[in-house]
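Enquirer: The structure follows.
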Amino acid sequence: MLPGARALRAAGLLRPPGAVPRTGVARRARRGSGQRPVGRGFALPAGPDLRHFLRAAAAGQPRPSPELPPEPGSAPGAPKVYLETYGCQMNVSDTEIVWAILQKNGYARTKELEEADVVLLVTCSVREKAEQAIWNRLQHLKALKARRPRARAPLRVGILGCMAERLKEEILHREKLVDVVAGPDAYRDLPRLLAVAESGQQAANVLLSLDETYADILPVQTSAGGTTAFVSIMRGCDNMCSYCIVPFTRGRERSRPIASILQEVRMLSDQGVKEVTLLGQNVNSFRDLSEVQFQSVAAPGLSRGFRTVYKAKAGGLRFSHLLDQVSRIDPEMRIRFTSPHPKDFPDEVLQLIQERHNICKQLHLPAQSGSTRILEAMRRGYTREAYLELVHHVRDSIPGVSLSSDFIAGFCGETEEDHLQTVSLLREVRYSIGFLFAYSMRQKTRAHHRLQDDVPADVKKRRLEQLIAAFREEAARANAALVGQAQLVLVEGPSKRSASELCGRNDGNIKVIFPDTELEDAAKCGAPGRAQPGDYVMVKVTSASSQTLRGVPLCRTTLSRAAASH
């Protein structure tokens, strides 16, 4: 059994492959799970039957707003759901999966909170601040529930995702505000949970799965006509870093079959999407075991100097094979992926990125710390020296590559010397994009059980500010080197600050702002025109900051043509 799986089973959070999820109303506790019952135990209710739904249909439901027509597949009078997403890109992807499930079950979507019959919050639990935002939002929803007209059915509120998995009992207990709680592996059960809640009972399903990937569900894009999209390729994580709650909120690693991923990417290409980001908690450890013949495929080695807490996994089609297949679908579609672990960058992946013009030359290499001592405490599986060797190898393999990273300030036992080593790593590598946070202790993690959160809050704050300052200085220098160069920009839409300017991102995922003017087509086959979202525009960079490039547009072009000219 993989590290941590025993702990997950003991907590009642893991079910074996193929097992039927044991779900029920919140007051039902599993025997032997170590969880306190939420109230008096009783048998799982049978739930609503056909007569329940016939009565509901006869009684009628609020009609859709005339300015927002019913979604395809939803009937007039269908219950309206309002979805809010917090946290990482995986939650954006999960929101699209949730909406696909609910749409198929007769729900309509609304963008107006006051119109909603159901409000679902897709939540994050990585840091305390993220959870506090949800508690604050629930107070607002409490007031909305209180002023809801009696003529309408009671508003149902649901908490989904990682926070639901971590704090299920507290969520259900606190002021009895939440009606439905569903963990990341329980979205298929939402129609039943909502039906139970309609009868006045709280309902929950937070069991984790060893095989749920939602591979058969094509997500419904939440931004119609968008130029970019996220595609989830795997779920969960086996790394068990000591600070991280993800293995306990999203479970063990399991990957979607490649065939289902390619089907989704082709669909997005047909819809005109110009950039796809492949998503996973540990995206480059992808391992498709869906076919018998995949079992004998040789496993790639780890990055030099890296190790894992688990034994090497044999068999399965790996990330390099998936990346190869995805990049062949549409030569005009950019491919990105996140979030990887530095240990899983074999040479075949780096070579593929270098060779394919539509795989972005931008890699996320989360370091977390620049101190070998702290990296050991974090159970990251590498030293500072091994990480830097990988950085040099990546830059040698992919000339001009743009790097981003994650850093934690004030982890357990971090000294001032450890902190200064992290500052020096930031300066030495010179990242273009950074995600930096003060450490937030999470229950259930190894750090919570084994380490002391002994760095004072004011020290964490100061160290974080110093890390941010160092990152911005070096990012500004890295971006300044692009001034005078032409950058290929995928247009996303108007700039938020000026309607006369357009905004997009270059290959390195850096924001680029430029004037919205008439542009020639590089192929000289079309009349001059203004760039539209989804167009590729060549922009000459004229100025740079730590986060943004500004420039003048040269022409509209294509991804293939731009690659050929370089």
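As shown in the structure tokens, the chain order sets the letters A, B, ...; within each chain, residues go from 1, and ligands are also counted from 1 in the order they appear.
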Could you list, as a compact mmCIF listing (two decimals) with all heavy atoms, in the first residue's frame, every residue within 10 Å of range 478-491 of chain A, counting only C-alpha atoms and ignoring same-chain residues fewer than 3 positions away?
Expert:
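The resulting file, around_16.txt, is reproduced below:
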```
# COMPACT_ATOMS: atom_id res chain seq x y z
N THR A 227 -10.76 31.54 -25.25
CA THR A 227 -9.63 31.14 -26.07
C THR A 227 -8.76 30.09 -25.39
O THR A 227 -7.95 29.45 -26.03
CB THR A 227 -8.76 32.36 -26.41
OG1 THR A 227 -8.26 32.93 -25.20
CG2 THR A 227 -9.57 33.40 -27.15
N THR A 228 -8.90 29.95 -24.07
CA THR A 228 -8.09 29.01 -23.31
C THR A 228 -8.98 28.06 -22.53
O THR A 228 -10.13 28.38 -22.22
CB THR A 228 -7.15 29.73 -22.34
OG1 THR A 228 -7.93 30.44 -21.36
CG2 THR A 228 -6.27 30.74 -23.07
N LYS A 274 -7.67 28.02 -28.38
CA LYS A 274 -6.31 28.16 -28.90
C LYS A 274 -5.22 27.82 -27.88
O LYS A 274 -4.03 27.83 -28.23
CB LYS A 274 -6.10 29.59 -29.40
CG LYS A 274 -6.89 29.92 -30.65
CD LYS A 274 -6.45 29.05 -31.82
CE LYS A 274 -7.21 29.38 -33.09
NZ LYS A 274 -6.87 30.70 -33.62
N GLU A 275 -5.59 27.55 -26.65
CA GLU A 275 -4.59 27.16 -25.66
C GLU A 275 -5.21 26.21 -24.64
O GLU A 275 -6.24 26.52 -24.05
CB GLU A 275 -4.02 28.38 -24.95
CG GLU A 275 -2.94 28.05 -23.92
CD GLU A 275 -2.37 29.29 -23.25
OE1 GLU A 275 -1.65 30.05 -23.95
OE2 GLU A 275 -2.64 29.52 -22.06
N ARG A 334 -1.79 26.12 -28.53
CA ARG A 334 -0.71 26.06 -27.55
C ARG A 334 -1.03 25.02 -26.49
O ARG A 334 -2.18 24.88 -26.07
CB ARG A 334 -0.56 27.41 -26.87
CG ARG A 334 0.31 28.41 -27.59
CD ARG A 334 0.36 29.70 -26.79
NE ARG A 334 1.31 30.65 -27.34
CZ ARG A 334 1.43 31.90 -26.93
NH1 ARG A 334 0.65 32.35 -25.95
NH2 ARG A 334 2.32 32.71 -27.48
N SER A 402 11.24 29.82 -20.10
CA SER A 402 10.81 30.68 -19.00
C SER A 402 10.42 29.78 -17.82
O SER A 402 9.72 28.78 -18.01
CB SER A 402 9.60 31.51 -19.44
OG SER A 402 9.06 32.24 -18.37
N ARG A 430 16.32 33.31 -11.12
CA ARG A 430 15.63 34.41 -11.81
C ARG A 430 14.38 33.90 -12.53
O ARG A 430 14.33 33.77 -13.76
CB ARG A 430 16.57 35.12 -12.77
CG ARG A 430 15.96 36.40 -13.37
CD ARG A 430 17.00 37.20 -14.16
NE ARG A 430 17.94 37.86 -13.26
CZ ARG A 430 18.96 38.64 -13.68
NH1 ARG A 430 19.14 38.83 -14.97
NH2 ARG A 430 19.76 39.20 -12.81
N TYR A 431 13.34 33.63 -11.77
CA TYR A 431 12.07 33.15 -12.30
C TYR A 431 11.29 34.30 -12.94
O TYR A 431 11.36 35.45 -12.51
CB TYR A 431 11.21 32.54 -11.19
CG TYR A 431 11.88 31.40 -10.46
CD1 TYR A 431 12.57 31.62 -9.27
CD2 TYR A 431 11.81 30.11 -10.95
CE1 TYR A 431 13.18 30.59 -8.58
CE2 TYR A 431 12.42 29.05 -10.27
CZ TYR A 431 13.10 29.31 -9.09
OH TYR A 431 13.70 28.27 -8.42
N SER A 432 10.50 33.97 -13.95
CA SER A 432 9.63 34.97 -14.59
C SER A 432 8.30 35.11 -13.85
O SER A 432 7.68 36.17 -13.87
CB SER A 432 9.36 34.58 -16.05
OG SER A 432 10.57 34.55 -16.78
N ARG A 472 10.46 39.94 -7.46
CA ARG A 472 10.08 41.01 -8.37
C ARG A 472 11.30 41.68 -9.00
O ARG A 472 11.28 42.03 -10.19
CB ARG A 472 9.22 42.04 -7.64
CG ARG A 472 7.80 41.53 -7.37
CD ARG A 472 6.95 42.55 -6.66
NE ARG A 472 5.57 42.09 -6.54
CZ ARG A 472 4.64 42.68 -5.78
NH1 ARG A 472 4.97 43.76 -5.06
NH2 ARG A 472 3.42 42.21 -5.74
N GLU A 473 12.35 41.86 -8.23
CA GLU A 473 13.56 42.46 -8.78
C GLU A 473 14.14 41.60 -9.89
O GLU A 473 14.51 42.11 -10.96
CB GLU A 473 14.61 42.64 -7.67
CG GLU A 473 14.27 43.74 -6.68
CD GLU A 473 15.28 43.78 -5.53
OE1 GLU A 473 16.35 43.13 -5.65
OE2 GLU A 473 14.99 44.44 -4.51
N GLU A 474 14.20 40.30 -9.65
CA GLU A 474 14.79 39.41 -10.65
C GLU A 474 13.86 39.21 -11.84
O GLU A 474 14.32 39.12 -12.99
CB GLU A 474 15.14 38.07 -10.01
CG GLU A 474 16.17 38.16 -8.90
CD GLU A 474 17.46 38.83 -9.34
OE1 GLU A 474 17.86 38.66 -10.52
OE2 GLU A 474 18.06 39.55 -8.52
N ALA A 475 12.55 39.16 -11.60
CA ALA A 475 11.60 39.02 -12.71
C ALA A 475 11.64 40.26 -13.59
O ALA A 475 11.54 40.16 -14.83
CB ALA A 475 10.19 38.79 -12.17
N PRO A 494 -9.85 42.58 -24.31
CA PRO A 494 -9.47 43.94 -23.96
C PRO A 494 -8.72 43.99 -22.63
O PRO A 494 -8.96 43.17 -21.73
CB PRO A 494 -10.81 44.68 -23.85
CG PRO A 494 -11.79 43.81 -24.56
CD PRO A 494 -11.31 42.41 -24.40
N LEU A 502 -5.34 45.90 -25.93
CA LEU A 502 -5.61 44.48 -25.85
C LEU A 502 -4.62 43.82 -24.90
O LEU A 502 -3.52 44.33 -24.67
CB LEU A 502 -5.50 43.83 -27.23
CG LEU A 502 -6.56 44.23 -28.25
CD1 LEU A 502 -6.25 43.62 -29.61
CD2 LEU A 502 -7.96 43.83 -27.79
N CYS A 503 -5.03 42.67 -24.38
CA CYS A 503 -4.20 41.93 -23.44
C CYS A 503 -4.09 40.48 -23.91
O CYS A 503 -5.05 39.90 -24.42
CB CYS A 503 -4.82 41.98 -22.04
SG CYS A 503 -3.94 41.01 -20.80
N GLY A 504 -2.91 39.92 -23.75
CA GLY A 504 -2.71 38.52 -24.07
C GLY A 504 -1.49 38.00 -23.33
O GLY A 504 -0.96 38.68 -22.44
N ARG A 505 -1.04 36.80 -23.69
CA ARG A 505 0.14 36.22 -23.03
C ARG A 505 1.10 35.68 -24.09
O ARG A 505 0.67 35.14 -25.11
CB ARG A 505 -0.27 35.12 -22.04
CG ARG A 505 -1.02 35.68 -20.85
CD ARG A 505 -1.33 34.66 -19.80
NE ARG A 505 -2.09 35.29 -18.72
CZ ARG A 505 -1.54 35.88 -17.66
NH1 ARG A 505 -0.22 35.90 -17.53
NH2 ARG A 505 -2.29 36.43 -16.73
N ASN A 506 2.36 35.81 -23.77
CA ASN A 506 3.37 35.27 -24.68
C ASN A 506 3.62 33.80 -24.37
O ASN A 506 2.97 33.21 -23.49
CB ASN A 506 4.65 36.10 -24.63
CG ASN A 506 5.41 35.97 -23.31
OD1 ASN A 506 4.95 35.30 -22.36
ND2 ASN A 506 6.58 36.57 -23.23
N ASP A 507 4.57 33.20 -25.04
CA ASP A 507 4.88 31.79 -24.86
C ASP A 507 5.29 31.49 -23.41
O ASP A 507 4.99 30.42 -22.87
CB ASP A 507 6.02 31.41 -25.81
CG ASP A 507 6.28 29.92 -25.85
OD1 ASP A 507 5.49 29.20 -26.49
OD2 ASP A 507 7.26 29.47 -25.23
N GLY A 508 5.95 32.46 -22.76
CA GLY A 508 6.38 32.28 -21.37
C GLY A 508 5.30 32.55 -20.35
O GLY A 508 5.57 32.58 -19.15
N ASN A 509 4.06 32.76 -20.81
CA ASN A 509 2.89 32.99 -19.95
C ASN A 509 2.94 34.35 -19.24
O ASN A 509 2.30 34.53 -18.21
CB ASN A 509 2.74 31.87 -18.92
CG ASN A 509 1.28 31.65 -18.53
OD1 ASN A 509 0.37 31.98 -19.30
ND2 ASN A 509 1.06 31.11 -17.35
N ILE A 510 3.67 35.30 -19.80
CA ILE A 510 3.75 36.64 -19.24
C ILE A 510 2.71 37.53 -19.94
O ILE A 510 2.57 37.47 -21.17
CB ILE A 510 5.16 37.24 -19.40
CG1 ILE A 510 6.18 36.35 -18.69
CG2 ILE A 510 5.23 38.66 -18.87
CD1 ILE A 510 7.61 36.68 -19.01
N LYS A 511 2.02 38.34 -19.16
CA LYS A 511 0.99 39.23 -19.71
C LYS A 511 1.64 40.29 -20.60
O LYS A 511 2.65 40.89 -20.25
CB LYS A 511 0.21 39.90 -18.59
CG LYS A 511 -0.95 40.77 -19.07
CD LYS A 511 -1.61 41.51 -17.94
CE LYS A 511 -2.30 40.56 -16.98
NZ LYS A 511 -3.03 41.31 -15.91
N VAL A 512 1.01 40.51 -21.77
CA VAL A 512 1.49 41.52 -22.72
C VAL A 512 0.34 42.45 -23.07
O VAL A 512 -0.75 41.99 -23.46
CB VAL A 512 2.05 40.86 -24.01
CG1 VAL A 512 2.60 41.93 -24.95
CG2 VAL A 512 3.11 39.83 -23.68
N ILE A 513 0.57 43.76 -22.95
CA ILE A 513 -0.43 44.79 -23.26
C ILE A 513 0.02 45.56 -24.49
O ILE A 513 1.19 45.95 -24.59
CB ILE A 513 -0.60 45.78 -22.09
CG1 ILE A 513 -0.88 45.03 -20.77
CG2 ILE A 513 -1.72 46.78 -22.37
CD1 ILE A 513 -2.21 44.37 -20.70
N PHE A 514 -0.89 45.79 -25.43
CA PHE A 514 -0.54 46.55 -26.63
C PHE A 514 -1.78 47.26 -27.18
O PHE A 514 -2.91 46.85 -26.92
CB PHE A 514 0.08 45.63 -27.69
CG PHE A 514 -0.81 44.49 -28.13
CD1 PHE A 514 -1.62 44.61 -29.25
CD2 PHE A 514 -0.83 43.29 -27.42
CE1 PHE A 514 -2.44 43.57 -29.66
CE2 PHE A 514 -1.64 42.24 -27.82
CZ PHE A 514 -2.45 42.38 -28.94
N ALA A 531 -7.25 42.86 -34.18
CA ALA A 531 -7.08 41.52 -33.59
C ALA A 531 -8.26 41.18 -32.70
O ALA A 531 -8.81 42.04 -31.99
CB ALA A 531 -5.79 41.46 -32.79
N GLN A 532 -8.66 39.92 -32.73
CA GLN A 532 -9.77 39.42 -31.93
C GLN A 532 -9.25 38.38 -30.93
O GLN A 532 -8.18 37.80 -31.12
CB GLN A 532 -10.82 38.77 -32.84
CG GLN A 532 -11.39 39.68 -33.89
CD GLN A 532 -12.12 40.87 -33.30
OE1 GLN A 532 -12.88 40.71 -32.32
NE2 GLN A 532 -11.90 42.06 -33.85
N PRO A 533 -10.01 38.13 -29.84
CA PRO A 533 -9.61 37.06 -28.92
C PRO A 533 -9.41 35.74 -29.67
O PRO A 533 -10.24 35.35 -30.49
CB PRO A 533 -10.79 36.98 -27.94
CG PRO A 533 -11.37 38.35 -27.94
CD PRO A 533 -11.21 38.85 -29.36
N GLY A 534 -8.29 35.10 -29.43
CA GLY A 534 -7.95 33.87 -30.13
C GLY A 534 -6.99 34.08 -31.28
O GLY A 534 -6.46 33.11 -31.83
N ASP A 535 -6.74 35.35 -31.63
CA ASP A 535 -5.75 35.64 -32.68
C ASP A 535 -4.34 35.63 -32.10
O ASP A 535 -4.13 35.96 -30.92
CB ASP A 535 -6.00 37.02 -33.30
CG ASP A 535 -7.20 37.04 -34.23
OD1 ASP A 535 -7.70 35.96 -34.58
OD2 ASP A 535 -7.65 38.15 -34.59
N TYR A 536 -3.38 35.29 -32.95
CA TYR A 536 -1.97 35.43 -32.59
C TYR A 536 -1.45 36.73 -33.21
O TYR A 536 -1.66 36.98 -34.40
CB TYR A 536 -1.15 34.24 -33.11
CG TYR A 536 -1.41 32.96 -32.36
CD1 TYR A 536 -2.19 31.95 -32.93
CD2 TYR A 536 -0.88 32.75 -31.09
CE1 TYR A 536 -2.43 30.76 -32.25
CE2 TYR A 536 -1.11 31.56 -30.41
CZ TYR A 536 -1.89 30.58 -30.99
OH TYR A 536 -2.12 29.40 -30.31
N VAL A 537 -0.79 37.53 -32.39
CA VAL A 537 -0.26 38.82 -32.84
C VAL A 537 1.22 38.90 -32.47
O VAL A 537 1.59 38.57 -31.34
CB VAL A 537 -1.04 40.00 -32.20
CG1 VAL A 537 -0.38 41.33 -32.55
CG2 VAL A 537 -2.49 39.98 -32.64
N MET A 538 2.04 39.32 -33.42
CA MET A 538 3.44 39.56 -33.14
C MET A 538 3.57 40.97 -32.56
O MET A 538 3.09 41.93 -33.16
CB MET A 538 4.27 39.41 -34.40
CG MET A 538 5.76 39.26 -34.14
SD MET A 538 6.16 37.73 -33.22
CE MET A 538 5.92 36.48 -34.48
N VAL A 539 4.17 41.06 -31.37
CA VAL A 539 4.27 42.34 -30.67
C VAL A 539 5.73 42.63 -30.36
O VAL A 539 6.44 41.77 -29.81
CB VAL A 539 3.46 42.31 -29.35
CG1 VAL A 539 3.63 43.62 -28.58
CG2 VAL A 539 1.98 42.04 -29.63
N LYS A 540 6.19 43.84 -30.69
CA LYS A 540 7.54 44.26 -30.33
C LYS A 540 7.50 44.89 -28.94
O LYS A 540 6.78 45.87 -28.71
CB LYS A 540 8.10 45.26 -31.34
CG LYS A 540 9.54 45.65 -31.05
CD LYS A 540 10.09 46.58 -32.12
CE LYS A 540 11.54 46.94 -31.82
NZ LYS A 540 12.11 47.84 -32.87
N VAL A 541 8.27 44.33 -28.01
CA VAL A 541 8.24 44.79 -26.61
C VAL A 541 8.98 46.12 -26.50
O VAL A 541 10.12 46.25 -26.95
CB VAL A 541 8.87 43.73 -25.68
CG1 VAL A 541 8.85 44.22 -24.23
CG2 VAL A 541 8.13 42.40 -25.80
N THR A 542 8.32 47.09 -25.87
CA THR A 542 8.92 48.42 -25.69
C THR A 542 9.24 48.74 -24.24
O THR A 542 10.07 49.60 -23.95
CB THR A 542 7.99 49.51 -26.24
OG1 THR A 542 6.70 49.41 -25.59
CG2 THR A 542 7.80 49.36 -27.75
N SER A 543 8.58 48.08 -23.29
CA SER A 543 8.86 48.30 -21.87
C SER A 543 8.44 47.08 -21.08
O SER A 543 7.65 46.25 -21.56
CB SER A 543 8.13 49.55 -21.33
OG SER A 543 6.73 49.37 -21.37
N ALA A 544 8.97 46.96 -19.85
CA ALA A 544 8.70 45.76 -19.05
C ALA A 544 8.71 46.09 -17.57
O ALA A 544 9.46 46.97 -17.12
CB ALA A 544 9.74 44.68 -19.34
N SER A 545 7.86 45.40 -16.83
CA SER A 545 7.89 45.43 -15.36
C SER A 545 8.08 44.00 -14.89
O SER A 545 8.31 43.09 -15.70
CB SER A 545 6.59 46.02 -14.80
OG SER A 545 5.50 45.14 -15.03
N SER A 546 7.94 43.76 -13.60
CA SER A 546 8.13 42.41 -13.08
C SER A 546 7.00 41.47 -13.49
O SER A 546 7.16 40.25 -13.45
CB SER A 546 8.24 42.44 -11.55
OG SER A 546 7.04 42.91 -10.97
N GLN A 547 5.85 42.02 -13.88
CA GLN A 547 4.72 41.17 -14.17
C GLN A 547 4.14 41.36 -15.57
O GLN A 547 3.35 40.52 -16.02
CB GLN A 547 3.60 41.42 -13.14
CG GLN A 547 4.01 41.12 -11.71
CD GLN A 547 2.91 41.39 -10.72
OE1 GLN A 547 1.80 40.89 -10.85
NE2 GLN A 547 3.19 42.21 -9.72
N THR A 548 4.49 42.44 -16.25
CA THR A 548 3.83 42.79 -17.50
C THR A 548 4.82 43.31 -18.53
O THR A 548 5.77 44.01 -18.20
CB THR A 548 2.75 43.87 -17.25
OG1 THR A 548 1.86 43.42 -16.22
CG2 THR A 548 1.94 44.14 -18.51
N LEU A 549 4.56 42.97 -19.80
CA LEU A 549 5.27 43.55 -20.92
C LEU A 549 4.33 44.48 -21.68
O LEU A 549 3.12 44.21 -21.76
CB LEU A 549 5.77 42.45 -21.87
CG LEU A 549 6.66 41.36 -21.30
CD1 LEU A 549 6.95 40.31 -22.36
CD2 LEU A 549 7.96 41.94 -20.75
N ARG A 550 4.87 45.54 -22.23
CA ARG A 550 4.10 46.44 -23.09
C ARG A 550 4.81 46.55 -24.43
O ARG A 550 6.04 46.47 -24.51
CB ARG A 550 3.94 47.82 -22.47
CG ARG A 550 2.93 47.86 -21.34
CD ARG A 550 2.66 49.27 -20.84
NE ARG A 550 1.51 49.28 -19.96
CZ ARG A 550 0.25 49.41 -20.37
NH1 ARG A 550 0.00 49.56 -21.67
NH2 ARG A 550 -0.74 49.41 -19.51
N GLY A 551 4.03 46.71 -25.49
CA GLY A 551 4.65 46.78 -26.80
C GLY A 551 3.75 47.34 -27.86
O GLY A 551 2.63 47.77 -27.59
N VAL A 552 4.25 47.30 -29.10
CA VAL A 552 3.48 47.75 -30.26
C VAL A 552 3.23 46.55 -31.15
O VAL A 552 4.13 45.74 -31.41
CB VAL A 552 4.24 48.86 -31.02
CG1 VAL A 552 4.31 50.12 -30.18
CG2 VAL A 552 5.64 48.41 -31.42
N PRO A 553 2.01 46.41 -31.65
CA PRO A 553 1.69 45.25 -32.50
C PRO A 553 2.30 45.41 -33.88
O PRO A 553 2.30 46.51 -34.45
CB PRO A 553 0.16 45.26 -32.54
CG PRO A 553 -0.21 46.71 -32.34
CD PRO A 553 0.82 47.28 -31.42
N LEU A 554 2.81 44.30 -34.42
CA LEU A 554 3.42 44.33 -35.74
C LEU A 554 2.49 43.76 -36.81
O LEU A 554 2.33 44.34 -37.88
CB LEU A 554 4.74 43.54 -35.72
CG LEU A 554 5.80 44.03 -34.72
CD1 LEU A 554 7.02 43.11 -34.76
CD2 LEU A 554 6.19 45.47 -35.00
N CYS A 555 1.89 42.61 -36.52
CA CYS A 555 0.99 41.99 -37.48
C CYS A 555 0.25 40.83 -36.83
O CYS A 555 0.66 40.33 -35.79
CB CYS A 555 1.77 41.47 -38.70
SG CYS A 555 2.96 40.16 -38.29
N ARG A 556 -0.84 40.44 -37.47
CA ARG A 556 -1.50 39.20 -37.09
C ARG A 556 -0.80 38.06 -37.81
O ARG A 556 -0.34 38.21 -38.94
CB ARG A 556 -2.98 39.24 -37.48
CG ARG A 556 -3.82 40.15 -36.60
CD ARG A 556 -5.26 40.21 -37.07
NE ARG A 556 -5.37 40.92 -38.35
CZ ARG A 556 -6.10 40.52 -39.38
NH1 ARG A 556 -6.80 39.39 -39.30
NH2 ARG A 556 -6.15 41.23 -40.49
N THR A 557 -0.74 36.90 -37.15
CA THR A 557 -0.04 35.77 -37.75
C THR A 557 -0.64 34.47 -37.23
O THR A 557 -1.74 34.48 -36.66
CB THR A 557 1.47 35.86 -37.45
OG1 THR A 557 2.16 34.82 -38.14
CG2 THR A 557 1.76 35.77 -35.96
N THR A 558 0.04 33.38 -37.42
CA THR A 558 -0.39 32.09 -36.88
C THR A 558 0.76 31.49 -36.08
O THR A 558 1.92 31.90 -36.22
CB THR A 558 -0.77 31.10 -38.00
OG1 THR A 558 0.40 30.77 -38.76
CG2 THR A 558 -1.84 31.69 -38.91
N LEU A 559 0.43 30.51 -35.28
CA LEU A 559 1.45 29.86 -34.46
C LEU A 559 2.48 29.15 -35.34
O LEU A 559 3.70 29.26 -35.12
CB LEU A 559 0.77 28.86 -33.51
CG LEU A 559 1.60 28.24 -32.39
CD1 LEU A 559 2.24 29.30 -31.51
CD2 LEU A 559 0.72 27.32 -31.54
N ALA A 562 4.69 31.74 -37.28
CA ALA A 562 5.64 32.39 -36.38
C ALA A 562 6.80 31.45 -36.05
O ALA A 562 7.96 31.87 -35.99
CB ALA A 562 4.94 32.85 -35.10
N ALA A 563 6.49 30.16 -35.86
CA ALA A 563 7.54 29.19 -35.55
C ALA A 563 8.47 29.01 -36.75
O ALA A 563 9.69 28.90 -36.60
CB ALA A 563 6.92 27.86 -35.16
```
Enquirer: Range 439-449 of chain A: which residues within 6 Å, counting only C-alpha atoms, same-chain residues fewer than 5 positions away excluded, as a count of residues only?
Expert: 8
Enquirer: Which one of A:Asp94, A:Arg477, A:Arg328, A:Gln281 sits closest to Asn239 in chain A if you count only C-alpha atoms?
Expert: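 For Asn239 in chain A, the nearest of the candidates is A:Gln281.
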Enquirer: I need the strand (DSSP E) residues of range 96-231 of chain A per DSSP on the backbone, written as a PyMOL selection string.
Expert: chain A and resi 108-109+118-123+156-161+180-182+203-205+208-209+228-231
Enquirer: Within 8 Å of Leu390 in chain A, counting only C-alpha atoms, which residues show up once you throw out same-chain ones fewer than 5 positions away? Write them as a list in words, please.
Expert: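 Surrounding residues, per the criterion: Ser303, Arg304 and Pro342 of chain A.
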Enquirer: Please write the residues from the selection above to a file, keeping N, CA and C atoms, as a CSV table (one decimal), in the first residue's frame.
Expert:
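Produced file out30.csv, reproduced below:
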```
chain,number,residue,atom,x,y,z
A,303,SER,N,14.4,12.6,-12.3
A,303,SER,CA,15.4,13.6,-12.5
A,303,SER,C,16.6,13.3,-11.6
A,304,ARG,N,17.8,13.6,-12.1
A,304,ARG,CA,19.1,13.2,-11.4
A,304,ARG,C,19.1,13.8,-10.0
A,342,PRO,N,9.4,18.6,-9.8
A,342,PRO,CA,10.7,18.6,-10.4
A,342,PRO,C,11.3,17.2,-10.6
```
Enquirer: Give me the residues of range 169-194 of chain A that have any atom at most 10 Å from an atom of range 158-162 of chain A; for each, the nearest atom pair and the distance in Å, rounded to one decimal. Use only C-alpha atoms, sort by chain and number, and format it as CSV.
Expert:
```
residue,atom,partner,partner_atom,distance
A:Ile171,CA,A:Ile159,CA,8.1
A:Leu172,CA,A:Ile159,CA,9.5
A:Leu177,CA,A:Gly158,CA,9.2
A:Val178,CA,A:Gly158,CA,5.8
A:Asp179,CA,A:Gly158,CA,5.8
A:Val180,CA,A:Gly158,CA,4.4
A:Val181,CA,A:Ile159,CA,5.0
A:Ala182,CA,A:Leu160,CA,4.8
A:Gly183,CA,A:Gly161,CA,4.8
A:Pro184,CA,A:Gly161,CA,4.6
A:Asp185,CA,A:Gly161,CA,8.2
A:Ala186,CA,A:Leu160,CA,8.8
A:Tyr187,CA,A:Leu160,CA,8.2
A:Leu190,CA,A:Gly158,CA,9.5
A:Leu193,CA,A:Gly158,CA,9.5
A:Leu194,CA,A:Gly158,CA,8.5
```
Enquirer: With a distance cut-off of 8 Å and only C-alpha atoms, select the neighbouring residues of Lys313 in chain A, excluding the residue or stretch itself and same-chain residues fewer than 2 positions from it, and output the selection as a count of residues only.
Expert: 3
Enquirer: Can you pull out the residues contacting Ala133 in chain A? Cut-off 10 Å, using only C-alpha atoms, and skip same-chain residues under 3 positions away; I want them as a list of chain:residue names.
Expert: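 The residues that qualify are A:Tyr86, A:Thr123, A:Cys124, A:Glu128, A:Lys129, A:Ala130, A:Asn136, A:Arg137, A:Leu138.
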Enquirer: Find the distance between CA of His419 in chain A and CA of Leu363 in chain A and write it in Å to one decimal.
Expert: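 Interatomic distance here is 24.0 Å.
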Enquirer: Using backbone DSSP assignments, extract all alpha helix (DSSP H) residues from range 132-368 of chain A; output them as a VMD selection string.
Expert: chain A and resid 132 to 146 162 to 166 168 to 173 190 to 198 246 to 249 258 to 270 319 to 327 347 to 355
Enquirer: Near Pro331 in chain A, counting only C-alpha atoms, which residues have an atom at most 8 Å away, once you skip same-chain residues fewer than 6 positions from it, shown as a list of chain:residue names?
Expert: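 Close residues of Pro331 in chain A: A:His357, A:Asn358, A:Leu559, A:Ser560.
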Enquirer: Quick one: residues within 9 Å of Ile398 in chain A, only C-alpha atoms counted, chain neighbours fewer than 5 positions away excluded, as number ranges by chain?
Expert: A: 350-351, 353-355, 361, 393
Enquirer: Can you work out the spacing between CA of Pro515 in chain A and CA of Phe435 in chain A in Å, to one decimal?
Expert: 28.8 Å
